[in-house]
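Raw target_36.txt, compact mmCIF, C-alpha atoms:
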# COMPACT_ATOMS: atom_id res chain seq x y z
CA MET Y 10 95.07 116.87 122.59
CA ARG Y 11 98.15 118.70 123.81
CA VAL Y 12 101.14 116.31 123.95
CA LEU Y 13 104.67 116.98 125.23
CA VAL Y 14 107.22 114.84 123.38
CA PHE Y 15 110.67 114.03 124.77
CA ASN Y 16 113.47 112.56 122.66
CA CYS Y 17 116.63 111.70 124.62
CA GLY Y 18 120.04 111.16 123.07
CA SER Y 19 123.08 109.99 125.00
CA SER Y 20 124.12 113.62 125.62
CA SER Y 21 121.08 115.60 124.45
CA LEU Y 22 117.43 116.19 125.19
CA LYS Y 23 114.89 117.43 122.65
CA PHE Y 24 111.30 118.27 123.45
CA GLU Y 25 108.31 119.55 121.51
CA LEU Y 26 104.81 120.57 122.59
CA ILE Y 27 102.33 119.58 119.89
CA GLU Y 28 98.61 120.15 119.50
CA VAL Y 29 97.23 117.00 117.91
CA GLU Y 30 93.85 117.18 116.23
CA ARG Y 31 92.08 114.36 114.47
CA GLY Y 32 92.67 114.63 110.72
CA ALA Y 33 95.25 117.43 111.05
CA ARG Y 34 99.04 117.26 110.83
CA GLY Y 35 99.53 118.81 114.27
CA GLN Y 36 100.81 122.20 115.40
CA THR Y 37 104.05 122.76 117.31
CA ARG Y 38 103.58 125.35 120.05
CA LEU Y 39 107.10 125.29 121.45
CA ARG Y 40 110.23 123.18 121.36
CA GLY Y 41 113.68 122.97 122.84
CA LEU Y 42 117.10 121.36 122.72
CA VAL Y 43 119.63 120.78 125.49
CA GLU Y 44 123.07 119.73 124.23
CA SER Y 45 126.36 118.55 125.74
CA ILE Y 46 124.67 117.03 128.77
CA GLY Y 47 127.36 115.56 131.02
CA THR Y 48 129.91 118.28 130.25
CA GLN Y 49 128.68 121.87 129.82
CA ALA Y 50 124.99 121.59 129.03
CA LYS Y 51 123.59 124.37 126.86
CA TYR Y 52 119.95 124.94 125.96
CA THR Y 53 117.97 126.72 123.28
CA TYR Y 54 114.19 127.05 123.56
CA TRP Y 55 111.83 128.25 120.85
CA LEU Y 56 108.31 129.66 120.91
CA GLY Y 57 106.97 129.04 117.44
CA ALA Y 58 109.80 129.94 115.07
CA ASP Y 59 111.49 132.40 117.44
CA VAL Y 60 114.25 131.71 119.95
CA ALA Y 61 112.74 132.51 123.35
CA SER Y 62 115.60 131.58 125.69
CA ARG Y 63 119.12 130.20 125.61
CA GLY Y 64 121.86 129.62 128.13
CA GLU Y 65 123.45 126.91 130.26
CA VAL Y 66 121.98 124.29 132.58
CA THR Y 67 123.94 124.36 135.83
CA GLN Y 68 123.59 120.62 136.52
CA HIS Y 69 124.71 118.38 133.70
CA THR Y 70 122.27 115.46 133.84
CA HIS Y 71 119.21 114.51 131.79
CA GLU Y 72 117.07 114.82 134.89
CA ALA Y 73 118.33 118.38 135.42
CA ALA Y 74 117.78 119.19 131.75
CA ALA Y 75 114.19 117.93 131.80
CA THR Y 76 113.50 119.78 135.05
CA HIS Y 77 114.92 123.01 133.61
CA ALA Y 78 112.80 122.67 130.47
CA LEU Y 79 109.60 122.03 132.43
CA HIS Y 80 110.21 125.00 134.72
CA TRP Y 81 110.73 127.20 131.66
CA MET Y 82 107.44 126.03 130.16
CA ARG Y 83 105.69 126.66 133.46
CA SER Y 84 107.10 130.22 133.56
CA LEU Y 85 105.56 131.22 130.24
CA GLU Y 86 102.49 133.41 130.16
CA GLY Y 87 99.43 131.22 130.02
CA ASP Y 88 101.34 128.15 131.28
CA TYR Y 89 101.61 125.92 128.23
CA LEU Y 90 101.47 122.85 130.42
CA ASN Y 91 97.87 123.54 131.38
CA GLU Y 92 95.49 121.00 129.90
CA LEU Y 93 98.39 118.75 128.95
CA GLY Y 94 96.96 115.43 127.78
CA ALA Y 95 100.14 113.36 127.85
CA ALA Y 96 103.92 113.30 127.93
CA VAL Y 97 105.52 110.80 125.56
CA HIS Y 98 109.09 109.51 125.57
CA ARG Y 99 111.20 107.88 122.87
CA ILE Y 100 113.00 104.77 124.12
CA VAL Y 101 115.85 103.50 121.98
CA HIS Y 102 115.64 99.86 123.07
CA GLY Y 103 112.45 98.27 124.38
CA GLY Y 104 113.71 94.69 124.25
CA SER Y 105 111.11 92.02 123.58
CA ALA Y 106 108.63 93.40 126.13
CA ILE Y 107 107.66 96.78 124.66
CA THR Y 108 105.99 96.02 121.36
CA GLN Y 109 103.67 99.05 121.10
CA PRO Y 110 103.06 102.43 122.76
CA ALA Y 111 102.51 101.85 126.47
CA ILE Y 112 101.79 103.72 129.68
CA ALA Y 113 104.99 104.13 131.70
CA ASP Y 114 104.01 102.02 134.71
CA ASP Y 115 106.39 100.05 136.93
CA THR Y 116 106.30 96.99 134.65
CA VAL Y 117 107.17 99.03 131.57
CA LEU Y 118 109.93 100.94 133.36
CA GLY Y 119 111.36 97.63 134.54
CA ALA Y 120 111.43 96.36 130.94
CA ILE Y 121 113.28 99.51 129.83
CA GLU Y 122 115.77 99.03 132.65
CA LYS Y 123 116.32 95.41 131.61
CA ALA Y 124 116.86 96.38 127.96
CA SER Y 125 119.49 98.95 129.03
CA ILE Y 126 122.12 96.23 128.69
CA PHE Y 127 121.72 96.63 124.92
CA ALA Y 128 121.47 100.46 124.98
CA PRO Y 129 123.55 101.62 127.97
CA LEU Y 130 124.04 105.14 126.61
CA HIS Y 131 120.39 105.83 125.77
CA ASN Y 132 117.93 103.96 127.99
CA PRO Y 133 119.19 105.27 131.37
CA PRO Y 134 118.88 108.96 130.29
CA ALA Y 135 115.35 108.28 129.06
CA LEU Y 136 114.45 106.69 132.39
CA ALA Y 137 115.89 109.70 134.25
CA THR Y 138 113.77 112.02 132.10
CA ILE Y 139 110.62 109.98 132.73
CA ARG Y 140 111.19 110.20 136.48
CA ALA Y 141 111.74 113.97 136.35
CA VAL Y 142 108.56 114.48 134.34
CA SER Y 143 106.46 112.26 136.60
CA ARG Y 144 107.70 114.14 139.67
CA ILE Y 145 106.78 117.56 138.25
CA LEU Y 146 103.74 116.78 136.09
CA THR Y 147 101.83 114.73 138.63
CA GLY Y 148 98.73 113.15 137.21
CA VAL Y 149 99.75 113.57 133.55
CA PRO Y 150 99.84 110.20 131.73
CA GLU Y 151 103.30 109.27 130.48
CA VAL Y 152 103.62 107.12 127.37
CA VAL Y 153 106.73 105.36 126.08
CA ILE Y 154 107.38 104.40 122.46
CA ALA Y 155 110.35 102.18 121.70
CA ASP Y 156 112.37 102.53 118.51
CA THR Y 157 112.48 98.74 118.42
CA ALA Y 158 108.70 98.27 118.69
CA PHE Y 159 107.86 98.69 114.98
CA HIS Y 160 110.18 95.76 114.17
CA GLN Y 161 108.54 93.30 116.58
CA SER Y 162 106.61 91.99 113.56
CA LEU Y 163 109.81 90.55 112.04
CA PRO Y 164 109.36 86.83 111.32
CA PRO Y 165 111.77 84.43 113.08
CA ARG Y 166 113.74 83.90 109.87
CA ALA Y 167 114.59 87.60 109.86
CA TRP Y 168 115.39 88.10 113.54
CA THR Y 169 117.25 84.85 114.27
CA TYR Y 170 121.04 84.84 114.30
CA ALA Y 171 122.72 81.59 113.25
CA ILE Y 172 124.44 80.98 116.57
CA PRO Y 173 123.76 78.17 119.09
CA LYS Y 174 120.14 78.47 120.15
CA GLU Y 175 120.80 77.91 123.84
CA ILE Y 176 123.27 80.82 123.88
CA ALA Y 177 120.90 83.12 121.99
CA ASP Y 178 118.02 82.22 124.30
CA ARG Y 179 120.09 82.63 127.45
CA HIS Y 180 121.17 86.17 126.57
CA GLY Y 181 118.20 87.34 124.49
CA ILE Y 182 120.32 87.71 121.36
CA ARG Y 183 118.23 88.46 118.27
CA ARG Y 184 117.75 91.16 115.68
CA PHE Y 185 115.63 93.94 117.21
CA GLY Y 186 116.05 96.71 114.64
CA PHE Y 187 116.02 100.45 115.36
CA HIS Y 188 114.76 103.74 113.88
CA GLY Y 189 111.31 102.16 114.09
CA ILE Y 190 109.58 105.47 114.82
CA GLY Y 191 111.10 107.02 111.68
CA HIS Y 192 110.25 104.05 109.47
CA ALA Y 193 106.70 103.94 110.85
CA TYR Y 194 106.29 107.66 110.18
CA MET Y 195 107.41 107.30 106.56
CA MET Y 196 104.94 104.46 106.07
CA GLU Y 197 102.10 106.38 107.72
CA ARG Y 198 102.80 109.54 105.73
CA TYR Y 199 103.05 107.70 102.41
CA ALA Y 200 99.73 106.00 103.14
CA GLN Y 201 98.20 109.47 103.60
CA ILE Y 202 99.79 110.79 100.41
CA SER Y 203 98.65 107.84 98.33
CA ALA Y 204 95.21 107.69 99.98
CA ARG Y 205 95.71 104.01 100.70
CA SER Y 206 95.69 101.90 103.83
CA ALA Y 207 99.12 101.02 105.21
CA GLN Y 208 97.96 97.39 105.21
CA GLU Y 209 97.85 97.52 101.39
CA LEU Y 210 101.42 98.74 100.98
CA ASN Y 211 104.78 97.14 100.29
CA LEU Y 212 107.49 99.71 100.95
CA ILE Y 213 111.23 100.08 101.34
CA THR Y 214 111.99 102.91 103.76
CA LEU Y 215 115.43 104.46 104.17
CA GLN Y 216 116.54 106.52 107.16
CA LEU Y 217 119.89 107.92 106.12
CA GLY Y 218 121.56 110.30 108.53
CA ALA Y 219 124.28 109.96 111.16
CA GLY Y 220 122.72 106.57 111.79
CA CYS Y 221 121.42 104.69 108.76
CA SER Y 222 118.93 101.88 108.37
CA ILE Y 223 116.62 100.38 105.78
CA THR Y 224 113.38 98.48 106.36
CA ALA Y 225 111.24 96.20 104.21
CA ILE Y 226 107.54 96.72 104.95
CA ALA Y 227 104.98 94.18 103.70
CA LYS Y 228 101.29 95.03 104.07
CA GLY Y 229 102.05 97.58 106.75
CA LEU Y 230 104.39 95.38 108.80
CA SER Y 231 108.16 95.47 109.17
CA VAL Y 232 109.43 92.13 107.84
CA ASP Y 233 113.16 92.86 107.66
CA THR Y 234 115.48 95.64 108.74
CA SER Y 235 119.20 96.29 108.58
CA MET Y 236 120.06 97.10 112.21
CA GLY Y 237 120.23 94.17 114.59
CA LEU Y 238 120.84 93.48 118.27
CA THR Y 239 122.42 96.94 118.37
CA PRO Y 240 122.44 99.88 115.93
CA LEU Y 241 125.91 98.87 114.67
CA GLU Y 242 124.73 96.28 112.15
CA GLY Y 243 123.62 97.04 108.61
CA LEU Y 244 124.38 100.01 106.38
CA MET Y 245 127.56 102.06 106.46
CA MET Y 246 126.92 105.16 108.59
CA ALA Y 247 128.58 108.41 109.63
CA THR Y 248 130.93 106.77 112.13
CA ARG Y 249 129.63 103.17 112.33
CA SER Y 250 130.99 100.41 110.15
CA GLY Y 251 127.74 98.57 109.53
CA ASP Y 252 128.11 94.98 108.29
CA ILE Y 253 131.62 93.53 108.58
CA ASP Y 254 133.14 90.06 108.73
CA PRO Y 255 132.48 88.96 112.35
CA ALA Y 256 136.07 87.70 112.59
CA ILE Y 257 137.44 91.25 112.25
CA PRO Y 258 136.89 92.32 115.90
CA GLY Y 259 138.84 89.32 117.20
CA PHE Y 260 141.56 89.88 114.61
CA LEU Y 261 141.91 93.54 115.59
CA ALA Y 262 141.92 92.73 119.29
CA ALA Y 263 144.76 90.25 118.81
CA ARG Y 264 146.85 92.23 116.32
CA GLU Y 265 146.35 95.69 117.83
CA GLY Y 266 146.40 94.57 121.46
CA LEU Y 267 142.95 96.06 122.09
CA SER Y 268 140.15 95.10 124.44
CA SER Y 269 136.78 94.11 123.00
CA ASP Y 270 135.37 97.43 124.25
CA ALA Y 271 138.11 99.34 122.42
CA VAL Y 272 137.42 97.48 119.17
CA GLU Y 273 133.70 98.16 119.53
CA GLN Y 274 134.52 101.83 120.08
CA ILE Y 275 136.42 101.90 116.78
CA LEU Y 276 133.54 100.28 114.92
CA ASN Y 277 130.99 102.67 116.45
CA THR Y 278 132.82 106.01 116.47
CA LYS Y 279 135.78 105.91 114.06
CA SER Y 280 134.47 103.93 111.09
CA GLY Y 281 131.87 104.53 108.38
CA LEU Y 282 132.24 107.75 106.37
CA GLN Y 283 134.72 109.04 108.92
CA GLY Y 284 136.92 105.97 108.74
CA VAL Y 285 136.97 105.40 104.99
CA SER Y 286 137.28 109.07 103.98
CA ALA Y 287 139.73 109.94 106.80
CA ILE Y 288 138.17 113.41 106.49
CA SER Y 289 134.76 113.71 108.10
CA SER Y 290 131.62 111.90 109.23
CA ASP Y 291 129.50 114.59 107.52
CA MET Y 292 128.39 113.57 104.02
CA ARG Y 293 128.45 117.20 102.87
CA GLU Y 294 132.11 117.58 103.77
CA VAL Y 295 132.97 114.23 102.22
CA GLN Y 296 131.21 115.23 99.00
CA SER Y 297 133.11 118.53 98.91
CA ALA Y 298 136.40 116.69 99.34
CA ALA Y 299 135.48 114.21 96.61
CA ALA Y 300 134.68 117.11 94.27
CA ARG Y 301 138.21 118.42 94.92
CA GLY Y 302 139.62 115.07 93.83
CA ASP Y 303 140.17 113.31 97.15
CA ARG Y 304 140.16 109.58 96.37
CA ASN Y 305 139.37 108.41 99.88
CA ALA Y 306 136.33 110.67 100.00
CA ALA Y 307 135.15 109.42 96.62
CA LEU Y 308 135.58 105.83 97.80
CA ALA Y 309 133.61 106.52 100.99
CA ILE Y 310 130.64 107.82 98.97
CA ASP Y 311 130.88 104.90 96.57
CA VAL Y 312 130.87 102.35 99.40
CA PHE Y 313 128.00 104.14 101.16
CA CYS Y 314 125.76 104.22 98.08
CA TYR Y 315 126.69 100.69 97.00
CA ARG Y 316 125.76 99.27 100.39
CA VAL Y 317 122.34 100.95 100.29
CA ARG Y 318 121.69 99.84 96.70
CA LYS Y 319 122.62 96.25 97.61
CA TYR Y 320 120.16 96.27 100.51
CA ILE Y 321 117.42 97.67 98.26
CA GLY Y 322 117.98 94.75 95.90
CA SER Y 323 117.79 92.22 98.71
CA TYR Y 324 114.62 93.77 100.12
CA LEU Y 325 112.98 93.74 96.70
CA ALA Y 326 113.64 90.00 96.77
CA VAL Y 327 112.14 89.78 100.28
CA LEU Y 328 108.98 91.69 99.28
CA GLY Y 329 108.51 90.36 95.77
CA ARG Y 330 107.28 93.80 94.73
CA ALA Y 331 107.37 97.33 96.12
CA ASP Y 332 104.94 100.20 95.76
CA ALA Y 333 107.50 102.81 96.73
CA ILE Y 334 110.98 103.51 98.03
CA ILE Y 335 111.11 106.35 100.55
CA PHE Y 336 114.12 108.44 101.55
CA GLY Y 337 114.25 110.17 104.95
CA GLY Y 338 116.90 111.43 107.38
CA GLY Y 339 119.48 114.17 106.92
CA ILE Y 340 121.31 112.58 103.97
CA GLY Y 341 118.20 111.01 102.46
CA GLU Y 342 116.31 114.29 102.53
CA HIS Y 343 119.05 116.68 101.43
CA SER Y 344 121.47 114.92 99.07
CA ASP Y 345 120.12 114.50 95.54
CA GLN Y 346 123.56 113.21 94.50
CA VAL Y 347 123.42 110.35 97.00
CA ARG Y 348 119.83 109.47 96.04
CA GLU Y 349 120.80 109.46 92.36
CA ARG Y 350 123.79 107.20 92.93
CA ILE Y 351 121.82 104.81 95.11
CA CYS Y 352 119.10 104.39 92.48
CA ALA Y 353 121.46 104.24 89.49
CA GLY Y 354 121.23 100.94 87.62
CA LEU Y 355 117.93 99.89 89.18
CA ASP Y 356 115.89 100.57 86.03
CA GLY Y 357 115.35 96.84 85.54
CA PHE Y 358 113.41 96.81 88.82
CA GLY Y 359 111.15 99.65 87.66
CA ILE Y 360 113.06 102.29 89.67
CA GLN Y 361 113.78 105.45 87.67
CA LEU Y 362 114.47 108.89 89.09
CA ASP Y 363 113.49 112.12 87.34
CA SER Y 364 116.63 114.28 87.53
CA GLU Y 365 114.85 117.61 87.95
CA SER Y 366 112.39 116.25 90.51
CA ASN Y 367 115.27 114.67 92.41
CA ARG Y 368 117.08 118.02 92.65
CA HIS Y 369 113.90 119.70 93.89
CA GLY Y 370 113.51 116.89 96.40
CA ASN Y 371 116.12 118.54 98.62
CA ALA Y 372 113.54 121.23 99.41
CA GLY Y 373 111.00 118.94 101.08
CA GLU Y 374 108.40 116.26 100.58
CA SER Y 375 108.06 115.23 96.95
CA ARG Y 376 107.94 112.39 94.48
CA ILE Y 377 111.28 112.12 92.69
CA SER Y 378 110.65 109.17 90.36
CA GLY Y 379 109.85 109.55 86.67
CA PRO Y 380 106.36 109.14 85.21
CA GLU Y 381 107.22 105.75 83.68
CA ALA Y 382 108.62 104.27 86.89
CA ARG Y 383 106.79 101.18 88.18
CA VAL Y 384 108.08 101.85 91.70
CA GLU Y 385 107.51 105.32 93.08
CA VAL Y 386 110.44 107.00 94.84
CA TRP Y 387 109.73 109.70 97.40
CA VAL Y 388 111.50 112.05 99.77
CA ILE Y 389 109.53 112.28 103.01
CA PRO Y 390 111.16 114.40 105.74
CA LEU Y 391 110.95 112.67 109.10
CA ASP Y 392 108.76 114.01 111.88
CA GLU Y 393 109.25 111.53 114.69
CA GLU Y 394 107.83 113.89 117.29
CA LEU Y 395 104.53 114.21 115.40
CA TYR Y 396 104.31 110.43 115.02
CA MET Y 397 104.91 109.97 118.75
CA ALA Y 398 102.33 112.60 119.69
CA ARG Y 399 99.72 110.97 117.48
CA ALA Y 400 100.53 107.51 118.81
CA ALA Y 401 100.17 108.70 122.41
CA ALA Y 402 96.86 110.40 121.60
CA ARG Y 403 95.54 107.23 119.95
CA LEU Y 404 96.54 105.12 122.93
CA LEU Y 405 94.81 107.39 125.42
CA ASP Y 406 91.74 107.90 123.22
CA ALA Y 407 91.42 104.11 123.09
CA GLY Y 408 91.38 103.93 126.88
CA GLY Y 409 95.03 103.01 127.41
CA GLY Y 410 95.36 105.34 130.38
Output the structure of this file as structure tokens.
Amino acid sequence: MRVLVFNCGSSSLKFELIEVERGARGQTRLRGLVESIGTQAKYTYWLGADVASRGEVTQHTHEAAATHALHWMRSLEGDYLNELGAAVHRIVHGGSAITQPAIADDTVLGAIEKASIFAPLHNPPALATIRAVSRILTGVPEVVIADTAFHQSLPPRAWTYAIPKEIADRHGIRRFGFHGIGHAYMMERYAQISARSAQELNLITLQLGAGCSITAIAKGLSVDTSMGLTPLEGLMMATRSGDIDPAIPGFLAAREGLSSDAVEQILNTKSGLQGVSAISSDMREVQSAAARGDRNAALAIDVFCYRVRKYIGSYLAVLGRADAIIFGGGIGEHSDQVRERICAGLDGFGIQLDSESNRHGNAGESRISGPEARVEVWVIPLDEELYMARAAARLLDAGGG
């Protein structure tokens, strides 16, 4: 099946056309990226590995970006949109209603609209993209997959916040979790590698990039995850604080004379690696500064790795045992130093890295744990678009649309 995958950010739009065949990994025919939507939108489109077109989109909206991309695909020789089996869209927040891949009908779109209160920067652009695609690709089934859906299996003890129940119920406040597509992909891929069913596996998956999260997976189901009602909770990230004392926002608002929105802006965009290092939100730049002797940079790396290691320990307690720990995301896939520091001191849990294998792990998918390790450690590069294409194909093959 030929599937067109859309992945909307708050100011970007990625797409990828994938041929999905049963038993195969999938083949990307073309892909594209539109950046700086809302200001001066610029696009780059690829055919295979080659840049086929680049320039600017005259109207700076996600709807205009999606329309531009579809018209480009239609203009290609052979019309790559012929025989298109589905278009699939990543939704950041599906709320409690979208628990699995679903056809984008009026009920589903209404649920996405309702959940926009928790993801005001991401859900509305995704809805605009869906509408543009449905207008141009009439008759092509559209599927939505929510990043929160994989975590709908969390038990109440994991998703409940200890606040008055009537307030939580009134406003729908609970832990939803995010990065579900990435965590589900790592689980699915490890099941393929190990030739085991996902339902047999206990895993700890780590998506470490600009956003960071960790998930405990028991017998193929997410049972705990670090992000919560919003993506701000949990691990330290590039610019997000992660877990903090909940009294800090009120303290800052009072002492700094800031609104609640301004405090939230600090915690989302000026904290994390950026805030502690006072240098950069990019781990590579922070590592370079630390190597030059910058103490703030060194502290930022130490805090980052310590937070991850502490979560691994807690999730080992949640699971009782783990078959593997899996690193994905830009930092997880490309920084052997970070992986080494995160896993340091975990020998007593059966977690031991092989130094040479860990260095080679920066090059792609590989096992990086030593032969004596009781818990395997892997680097598995994320391919969210492939996961989404497969999920859409499975839904439609099963008669979902």
>> Applying 12 Å and all atoms listed in the file, which residues near range 256-273 of chain Y remain after dropping the ones on its own chain fewer than 5 positions away? List them as a list of chain:residue names.
In response: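 Surrounding residues, per the criterion: Y:Thr239, Y:Pro240, Y:Leu241, Y:Glu242, Y:Thr248, Y:Arg249, Y:Ser250, Y:Gly251, Y:Thr278, Y:Lys279, Y:Ser280.
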> Separation of CA of Trp55 in chain Y and CA of Ala78 in chain Y, in Å?
Replying inline: 11.2 Å
> Expressed in Å to a single decimal, how great is the separation between CA of Gln274 in chain Y and CA of Leu308 in chain Y?
Replying inline: 22.7 Å
> By how many Å are CA of Arg376 in chain Y and CA of Ser231 in chain Y apart?
Replying inline: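 Here the two named atoms are 22.4 Å from each other.
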> Pick the closest to Thr37 in chain Y from Y:Glu394, Y:Asp363, Y:Trp168, Y:Arg205: which is it, counting only C-alpha atoms?
Replying inline: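 Closest to Thr37 in chain Y, using only C-alpha atoms: Y:Glu394.
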Go ahead and find all residues with at least one atom no further than 10 Å from (111.7, 108.6, 112.8) in the file's coordinates, using all atoms listed in the file; report them as a short mmCIF file (atom, residue, chain, number, x, y, z; two decimals) with C-alpha atoms, in the coordinates of the input.
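Result file follows (part_31.cif):
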data_model
loop_
_atom_site.label_atom_id
_atom_site.label_comp_id
_atom_site.auth_asym_id
_atom_site.auth_seq_id
_atom_site.Cartn_x
_atom_site.Cartn_y
_atom_site.Cartn_z
CA ASP Y 156 112.37 102.53 118.51
CA PHE Y 187 116.02 100.45 115.36
CA HIS Y 188 114.76 103.74 113.88
CA GLY Y 189 111.31 102.16 114.09
CA ILE Y 190 109.58 105.47 114.82
CA GLY Y 191 111.10 107.02 111.68
CA HIS Y 192 110.25 104.05 109.47
CA ALA Y 193 106.70 103.94 110.85
CA TYR Y 194 106.29 107.66 110.18
CA MET Y 195 107.41 107.30 106.56
CA GLN Y 216 116.54 106.52 107.16
CA GLY Y 337 114.25 110.17 104.95
CA GLY Y 338 116.90 111.43 107.38
CA PRO Y 390 111.16 114.40 105.74
CA LEU Y 391 110.95 112.67 109.10
CA ASP Y 392 108.76 114.01 111.88
CA GLU Y 393 109.25 111.53 114.69
CA GLU Y 394 107.83 113.89 117.29
CA LEU Y 395 104.53 114.21 115.40
CA TYR Y 396 104.31 110.43 115.02
CA MET Y 397 104.91 109.97 118.75
#
> When distances are computed from only C-alpha atoms, which of Y:Tyr199, Y:Tyr89, Y:Tyr320, Y:Tyr52 shows the smallest separation from Ile389 in chain Y?
Replying inline: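 That would be Y:Tyr199, the residue with the smallest distance to Ile389 in chain Y.
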Would you give the centre and edge lengths, in Å to one decimal, of a box along x, y and z around the listed atoms of range 209-224 of chain Y, with 8 Å added to each side, as lines of an AutoDock Vina configuration file?
center_x = 111.1
center_y = 103.7
center_z = 106.0
size_x = 42.4
size_y = 29.2
size_z = 27.5
Name the residues in contact with Ile107 in chain Y at a cut-off of 10 Å, using all atoms listed in the file, excluding same-chain residues fewer than 6 positions from it; report them as a short mmCIF file (atom, residue, chain, number, x, y, z; two decimals) with C-alpha atoms, in the frame of the given file.
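As written to disk, part22.cif reads:
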data_model
loop_
_atom_site.label_atom_id
_atom_site.label_comp_id
_atom_site.auth_asym_id
_atom_site.auth_seq_id
_atom_site.Cartn_x
_atom_site.Cartn_y
_atom_site.Cartn_z
CA ILE Y 100 113.00 104.77 124.12
CA VAL Y 117 107.17 99.03 131.57
CA LEU Y 118 109.93 100.94 133.36
CA ALA Y 120 111.43 96.36 130.94
CA ILE Y 121 113.28 99.51 129.83
CA ALA Y 124 116.86 96.38 127.96
CA VAL Y 153 106.73 105.36 126.08
CA ILE Y 154 107.38 104.40 122.46
CA ALA Y 155 110.35 102.18 121.70
CA ASP Y 156 112.37 102.53 118.51
CA THR Y 157 112.48 98.74 118.42
CA ALA Y 158 108.70 98.27 118.69
CA PHE Y 159 107.86 98.69 114.98
CA GLN Y 161 108.54 93.30 116.58
#
> Which residue out of Y:Ser297, Y:Ser235, Y:Ser143, Y:Ser21 has the minimum interatomic distance to Arg184 in chain Y when only C-alpha atoms are used?
Replying inline: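 Checking each of Y:Ser297, Y:Ser235, Y:Ser143, Y:Ser21 against Arg184 in chain Y, counting only C-alpha atoms, the winner is Y:Ser235.
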>> Measuring between all atoms listed in the file, which one of Y:Arg316, Y:Arg330, Y:Lys228, Y:His180 shows the shortest distance to Leu244 in chain Y?
In response: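 For Leu244 in chain Y, the nearest of the given residues is Y:Arg316.
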>> Considering only C-alpha atoms, can you say which of Y:Leu362, Y:Ala372, Y:Met10, Y:Ala225 comes closest to Gly322 in chain Y?
In response: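 Nearest candidate to Gly322 in chain Y out of Y:Leu362, Y:Ala372, Y:Met10, Y:Ala225: Y:Ala225.
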> For Val317 in chain Y, which residue out of Y:Ile223, Y:Ala95, Y:Leu212, Y:Leu26 is the nearest one, using all atoms listed in the file?
Replying inline: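 Smallest separation from Val317 in chain Y among the options: Y:Ile223.
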>> Using all atoms listed in the file and a cutoff of 12 Å, can you tell me which residues are near (109.0, 115.7, 97.4) in the file's coordinates, and write them out as an MDAnalysis selection string?
In response: chainID Y and resid 199 202 335:337 341:343 345 363 365:378 385:390
Exercise: Leu136 in chain Y partners within 12 Å, only C-alpha atoms, chain neighbours under 4 positions left out, as a compact mmCIF listing (two decimals) with C-alpha atoms, in the frame of the given file:
# COMPACT_ATOMS: atom_id res chain seq x y z
CA PHE Y 15 110.67 114.03 124.77
CA ASN Y 16 113.47 112.56 122.66
CA CYS Y 17 116.63 111.70 124.62
CA GLY Y 18 120.04 111.16 123.07
CA SER Y 19 123.08 109.99 125.00
CA THR Y 70 122.27 115.46 133.84
CA HIS Y 71 119.21 114.51 131.79
CA GLU Y 72 117.07 114.82 134.89
CA ALA Y 75 114.19 117.93 131.80
CA VAL Y 97 105.52 110.80 125.56
CA HIS Y 98 109.09 109.51 125.57
CA ARG Y 99 111.20 107.88 122.87
CA ILE Y 100 113.00 104.77 124.12
CA VAL Y 101 115.85 103.50 121.98
CA HIS Y 102 115.64 99.86 123.07
CA GLY Y 103 112.45 98.27 124.38
CA ALA Y 113 104.99 104.13 131.70
CA ASP Y 114 104.01 102.02 134.71
CA ASP Y 115 106.39 100.05 136.93
CA VAL Y 117 107.17 99.03 131.57
CA LEU Y 118 109.93 100.94 133.36
CA GLY Y 119 111.36 97.63 134.54
CA ALA Y 120 111.43 96.36 130.94
CA ILE Y 121 113.28 99.51 129.83
CA GLU Y 122 115.77 99.03 132.65
CA LYS Y 123 116.32 95.41 131.61
CA ALA Y 124 116.86 96.38 127.96
CA SER Y 125 119.49 98.95 129.03
CA ALA Y 128 121.47 100.46 124.98
CA PRO Y 129 123.55 101.62 127.97
CA LEU Y 130 124.04 105.14 126.61
CA HIS Y 131 120.39 105.83 125.77
CA ASN Y 132 117.93 103.96 127.99
CA ARG Y 140 111.19 110.20 136.48
CA ALA Y 141 111.74 113.97 136.35
CA VAL Y 142 108.56 114.48 134.34
CA SER Y 143 106.46 112.26 136.60
CA GLU Y 151 103.30 109.27 130.48
CA VAL Y 152 103.62 107.12 127.37
CA VAL Y 153 106.73 105.36 126.08
